[in-house]
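Peer 1: One structure coming up, written as structure tokens, with questions to follow.
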Amino acid sequence: MKFNWSSENLSDRGILIGADLTQEWLLPWWWDNYSCNASFPVAFADFGMSAEAKKWCEDRGRLLSLGIPAIFVAERHEIDAALVSEMEAACGNGFWPSRNAWFKKPMACLNSPFSETIWIDLDCEIRLPLNFLFLFLKEPVALAKETFHCSDSEIYNAGVILFKKGSQMIEEWAEQSFEQNHLFRGDQDVLNTIIKKFPSKITELPEIYNWSRLKGKNPKAIILH
């Protein structure tokens with residue numbers, strides 16, 4: 001399926017997040033932390049929220065409808081058994097309900113109403129101002145490395161992503177997430193596969209912009225994930 005970028009241009013720079021029914025309880029927590037530290041406009045991608053949550057989002061920013069089927073992600077029984085075993089060995093069994101929202105993230109990015117966007121996962125705590133973060137967008141996409149992984153190759157974390165509208169990398173991320181999600185655990189795995197094709201098209205973010213809670217406390221962390 002071919003996906004196109006949104007033609008809307010609400011602002012030059014803005015923040016993008018998304019939620020479904022299982023995650024929407026985090027919205028007030030995320031907003032409280034964000035609004036204390038930043039004032040960029042925010043777009044909220046509807047991954048399947050309740051009517052109440054949608055209204056909450058509309059009162060604070062732009063609510064985005066993705067225009068895709070509500071369910072398109074392969075279920076456990078539709079995935080190769082060897083890959084299922086590999087996924088569950090790495091993540092346990094609890095991640096399966098989250099996959100429907102994960103794979104909608106790339107489509108949300110294509111629907112961003114901003115020329116330059118920061119995608120931020122809903123479980124990320126904004127602890128300090130984000131004013132300087134956009135300065136790292138020297139290439140079409142910028143993100144931080146994954147701290148904890150078992151592979152020898154470099155892995156990037158998709159919890160915080162800066163991107164420019166029109167990035168080919170984001171387009172391919174959306175297309176593969178829609179058509180080939182039965183081959184991947186989540187959207188981050190798809191993105192890292194694509195990054196290998198475009199190694200010169202990304203800027204590496206300092207880890208303080210996507211600091212893992214597993215690494216312990218860091219008073220300099222701007223975004224705690």
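In the structure tokens, the first chain shown is A, the next is B, and so on; residue numbers restart at 1 for each chain, and ligands run from 1 in the order shown.
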Fewer than 4 positions away in the same chain doesn't count, so skip those; otherwise give me all residues within 12 Å of Ala70 of chain A, counting only C-alpha atoms, as a ChimeraX atom specification.
Peer 2: /A:20,46-49,65-66,100-101,103-104,178
Peer 1: Pull C-alpha atoms from the residues just selected and write them as a PDB file, in the first residue's frame.
Peer 2:
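Full text of part-v1.pdb as output:
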```pdb
ATOM      1  CA  ASP A  20      -5.325   3.835  21.842  1.00  0.00           C
ATOM      2  CA  ASP A  46      -5.969   8.425  17.205  1.00  0.00           C
ATOM      3  CA  PHE A  47      -4.921   4.780  17.387  1.00  0.00           C
ATOM      4  CA  GLY A  48      -8.365   3.800  18.717  1.00  0.00           C
ATOM      5  CA  MET A  49      -9.149   6.083  21.648  1.00  0.00           C
ATOM      6  CA  SER A  65      -7.399  10.398  12.043  1.00  0.00           C
ATOM      7  CA  LEU A  66      -5.085   8.032  10.178  1.00  0.00           C
ATOM      8  CA  ASN A 100      -1.762  -2.803  16.917  1.00  0.00           C
ATOM      9  CA  ALA A 101      -0.737   0.622  18.222  1.00  0.00           C
ATOM     10  CA  PHE A 103       2.562  -0.328  13.825  1.00  0.00           C
ATOM     11  CA  LYS A 104       0.298   2.710  13.489  1.00  0.00           C
ATOM     12  CA  PHE A 178       1.455  -1.990   6.997  1.00  0.00           C
TER      13      PHE A 178
END
```
Peer 1: Env of segment 71-73 of chain A: 9 Å cut, atoms = only C-alpha atoms, seq-sep filter 2 positions within chain, self excluded. Answer as a PyMOL selection string.
Peer 2: chain A and resi 68-69+75+99-100+103+177-182
Peer 1: Of the candidates A:Leu16, A:Ala43, A:Cys36, A:Ala158, which shows the shortest atom-to-atom distance to Ile118 of chain A, using only C-alpha atoms?
Peer 2: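 When distances to Ile118 of chain A are compared using only C-alpha atoms, the smallest one comes from A:Leu16.
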Peer 1: Can you pull out every residue within 12 Å of Thr193 of chain A, counting only C-alpha atoms, but drop anything in the same chain fewer than 6 positions away, and send it as a short mmCIF file (atom, residue, chain, number, x, y, z; two decimals) with N, CA, C and O atoms, in the first residue's frame?
Peer 2:
```
data_model
loop_
_atom_site.label_atom_id
_atom_site.label_comp_id
_atom_site.auth_asym_id
_atom_site.auth_seq_id
_atom_site.Cartn_x
_atom_site.Cartn_y
_atom_site.Cartn_z
N SER A 153 25.06 -5.34 15.98
CA SER A 153 24.87 -4.17 15.13
C SER A 153 24.21 -3.03 15.91
O SER A 153 23.62 -3.24 16.96
N GLU A 154 24.33 -1.83 15.37
CA GLU A 154 23.72 -0.67 16.02
C GLU A 154 22.21 -0.73 15.87
O GLU A 154 21.68 -1.02 14.81
N ILE A 155 21.52 -0.42 16.96
CA ILE A 155 20.06 -0.38 16.97
C ILE A 155 19.65 0.99 17.48
O ILE A 155 20.19 1.50 18.45
N TYR A 156 18.65 1.57 16.82
CA TYR A 156 18.15 2.88 17.24
C TYR A 156 16.78 2.73 17.90
O TYR A 156 15.97 1.91 17.48
N MET A 169 12.60 7.71 4.16
CA MET A 169 12.74 6.68 5.18
C MET A 169 11.42 6.47 5.93
O MET A 169 11.01 5.33 6.20
N GLU A 172 8.87 4.58 3.67
CA GLU A 172 9.12 3.13 3.62
C GLU A 172 8.77 2.46 4.95
O GLU A 172 8.29 1.33 4.98
N TRP A 173 9.02 3.16 6.04
CA TRP A 173 8.66 2.64 7.36
C TRP A 173 7.17 2.37 7.44
O TRP A 173 6.73 1.32 7.94
N GLN A 176 6.18 -0.68 4.95
CA GLN A 176 6.56 -1.99 5.46
C GLN A 176 5.82 -2.36 6.73
O GLN A 176 5.50 -3.53 6.95
N SER A 177 5.54 -1.37 7.57
CA SER A 177 4.78 -1.64 8.80
C SER A 177 3.37 -2.11 8.49
O SER A 177 2.80 -2.92 9.22
N GLN A 180 4.15 -5.71 5.98
CA GLN A 180 5.04 -6.79 6.38
C GLN A 180 5.18 -6.93 7.90
O GLN A 180 6.17 -7.46 8.40
N LEU A 183 6.38 -10.00 9.86
CA LEU A 183 7.79 -10.39 9.89
C LEU A 183 8.57 -9.72 11.01
O LEU A 183 9.77 -9.98 11.17
N PHE A 184 7.90 -8.87 11.79
CA PHE A 184 8.59 -8.06 12.79
C PHE A 184 7.84 -8.05 14.12
O PHE A 184 6.62 -8.11 14.16
N GLY A 186 7.90 -5.33 16.20
CA GLY A 186 7.28 -4.02 16.34
C GLY A 186 7.82 -3.03 15.34
O GLY A 186 8.69 -3.35 14.51
N ASP A 187 7.33 -1.81 15.40
CA ASP A 187 7.72 -0.77 14.44
C ASP A 187 9.20 -0.44 14.52
O ASP A 187 9.82 -0.07 13.52
N PRO A 199 21.92 4.86 5.83
CA PRO A 199 22.75 5.19 6.98
C PRO A 199 23.20 6.65 7.02
O PRO A 199 23.44 7.20 8.10
#
```
Peer 1: Just give me the gap between atom CA of Leu122 of chain A and atom CA of Asn9 of chain A in Å, one decimal is fine.
Peer 2: 23.1 Å
Peer 1: Between A:Ile161, A:Leu128, A:Ser98, A:Leu205, which one has atoms that come closest to Ser39 of chain A, using only C-alpha atoms?
Peer 2: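 Checking each of A:Ile161, A:Leu128, A:Ser98, A:Leu205 against Ser39 of chain A, counting only C-alpha atoms, the winner is A:Leu128.
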Peer 1: Can you work out which one of A:Ala89, A:Leu143, A:Leu64, A:Leu162 has the shortest atom-to-atom distance to Gly18 of chain A, counting only C-alpha atoms?
Peer 2: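 Closest to Gly18 of chain A, using only C-alpha atoms: A:Leu64.
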Peer 1: Glu8 of chain A: which residues within 10 Å, counting only C-alpha atoms, same-chain residues fewer than 2 positions away excluded, as an MDAnalysis selection string?
Peer 2: chainID A and resid 5:6 10:11 111:115
Peer 1: Got a sec to tell me which of segment 69-222 of chain A DSSP assigns to strand (DSSP E), as a PDB file with C-alpha atoms, in the first residue's frame?
Peer 2:
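Final output, states28.pdb:
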```
ATOM      1  CA  PHE A 114       4.228  20.019  10.909  1.00  0.00           C
ATOM      2  CA  SER A 115       7.198  20.589   8.605  1.00  0.00           C
ATOM      3  CA  GLU A 116       9.512  19.295  11.336  1.00  0.00           C
ATOM      4  CA  THR A 117       8.143  16.905  13.932  1.00  0.00           C
ATOM      5  CA  ILE A 118       9.246  15.259  17.152  1.00  0.00           C
ATOM      6  CA  TRP A 119       7.462  11.968  17.713  1.00  0.00           C
ATOM      7  CA  ILE A 120       7.461  11.093  21.444  1.00  0.00           C
ATOM      8  CA  GLU A 125       8.530  11.824  30.612  1.00  0.00           C
ATOM      9  CA  ILE A 126       9.477  15.329  29.462  1.00  0.00           C
ATOM     10  CA  VAL A 141      15.608  11.750  10.546  1.00  0.00           C
ATOM     11  CA  ALA A 142      17.287  11.942  13.967  1.00  0.00           C
ATOM     12  CA  LEU A 143      17.053   9.464  16.850  1.00  0.00           C
ATOM     13  CA  ALA A 144      19.102   7.981  19.681  1.00  0.00           C
ATOM     14  CA  LYS A 145      20.711   4.573  19.886  1.00  0.00           C
ATOM     15  CA  TYR A 156      18.152   2.878  17.236  1.00  0.00           C
ATOM     16  CA  ASN A 157      15.295   3.494  19.653  1.00  0.00           C
ATOM     17  CA  ALA A 158      12.028   4.665  18.068  1.00  0.00           C
ATOM     18  CA  GLY A 159      10.621   6.252  21.230  1.00  0.00           C
ATOM     19  CA  VAL A 160      11.805   9.738  20.251  1.00  0.00           C
ATOM     20  CA  ILE A 161      12.131  10.518  16.549  1.00  0.00           C
ATOM     21  CA  LEU A 162      12.770  13.833  14.825  1.00  0.00           C
ATOM     22  CA  PHE A 163      11.892  13.917  11.161  1.00  0.00           C
ATOM     23  CA  LYS A 164      11.309  16.251   8.260  1.00  0.00           C
ATOM     24  CA  ILE A 202      20.039  10.000  10.046  1.00  0.00           C
ATOM     25  CA  THR A 203      21.532  12.114  12.816  1.00  0.00           C
ATOM     26  CA  GLU A 204      22.287  10.443  16.129  1.00  0.00           C
TER      27      GLU A 204
END
```
Peer 1: Could you tell me, as a PyMOL selection string, which residues of segment 47-195 of chain A DSSP assigns to alpha helix (DSSP H) when given the backbone?
Peer 2: chain A and resi 51-58+81-91+99-102+105-110+168-179+187-195
Peer 1: Between atom CA of Leu110 of chain A and atom CA of Glu171 of chain A, measure the distance and give it in Å to one decimal.
Peer 2: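 Between atom CA of Leu110 of chain A and atom CA of Glu171 of chain A the gap works out to 7.2 Å.
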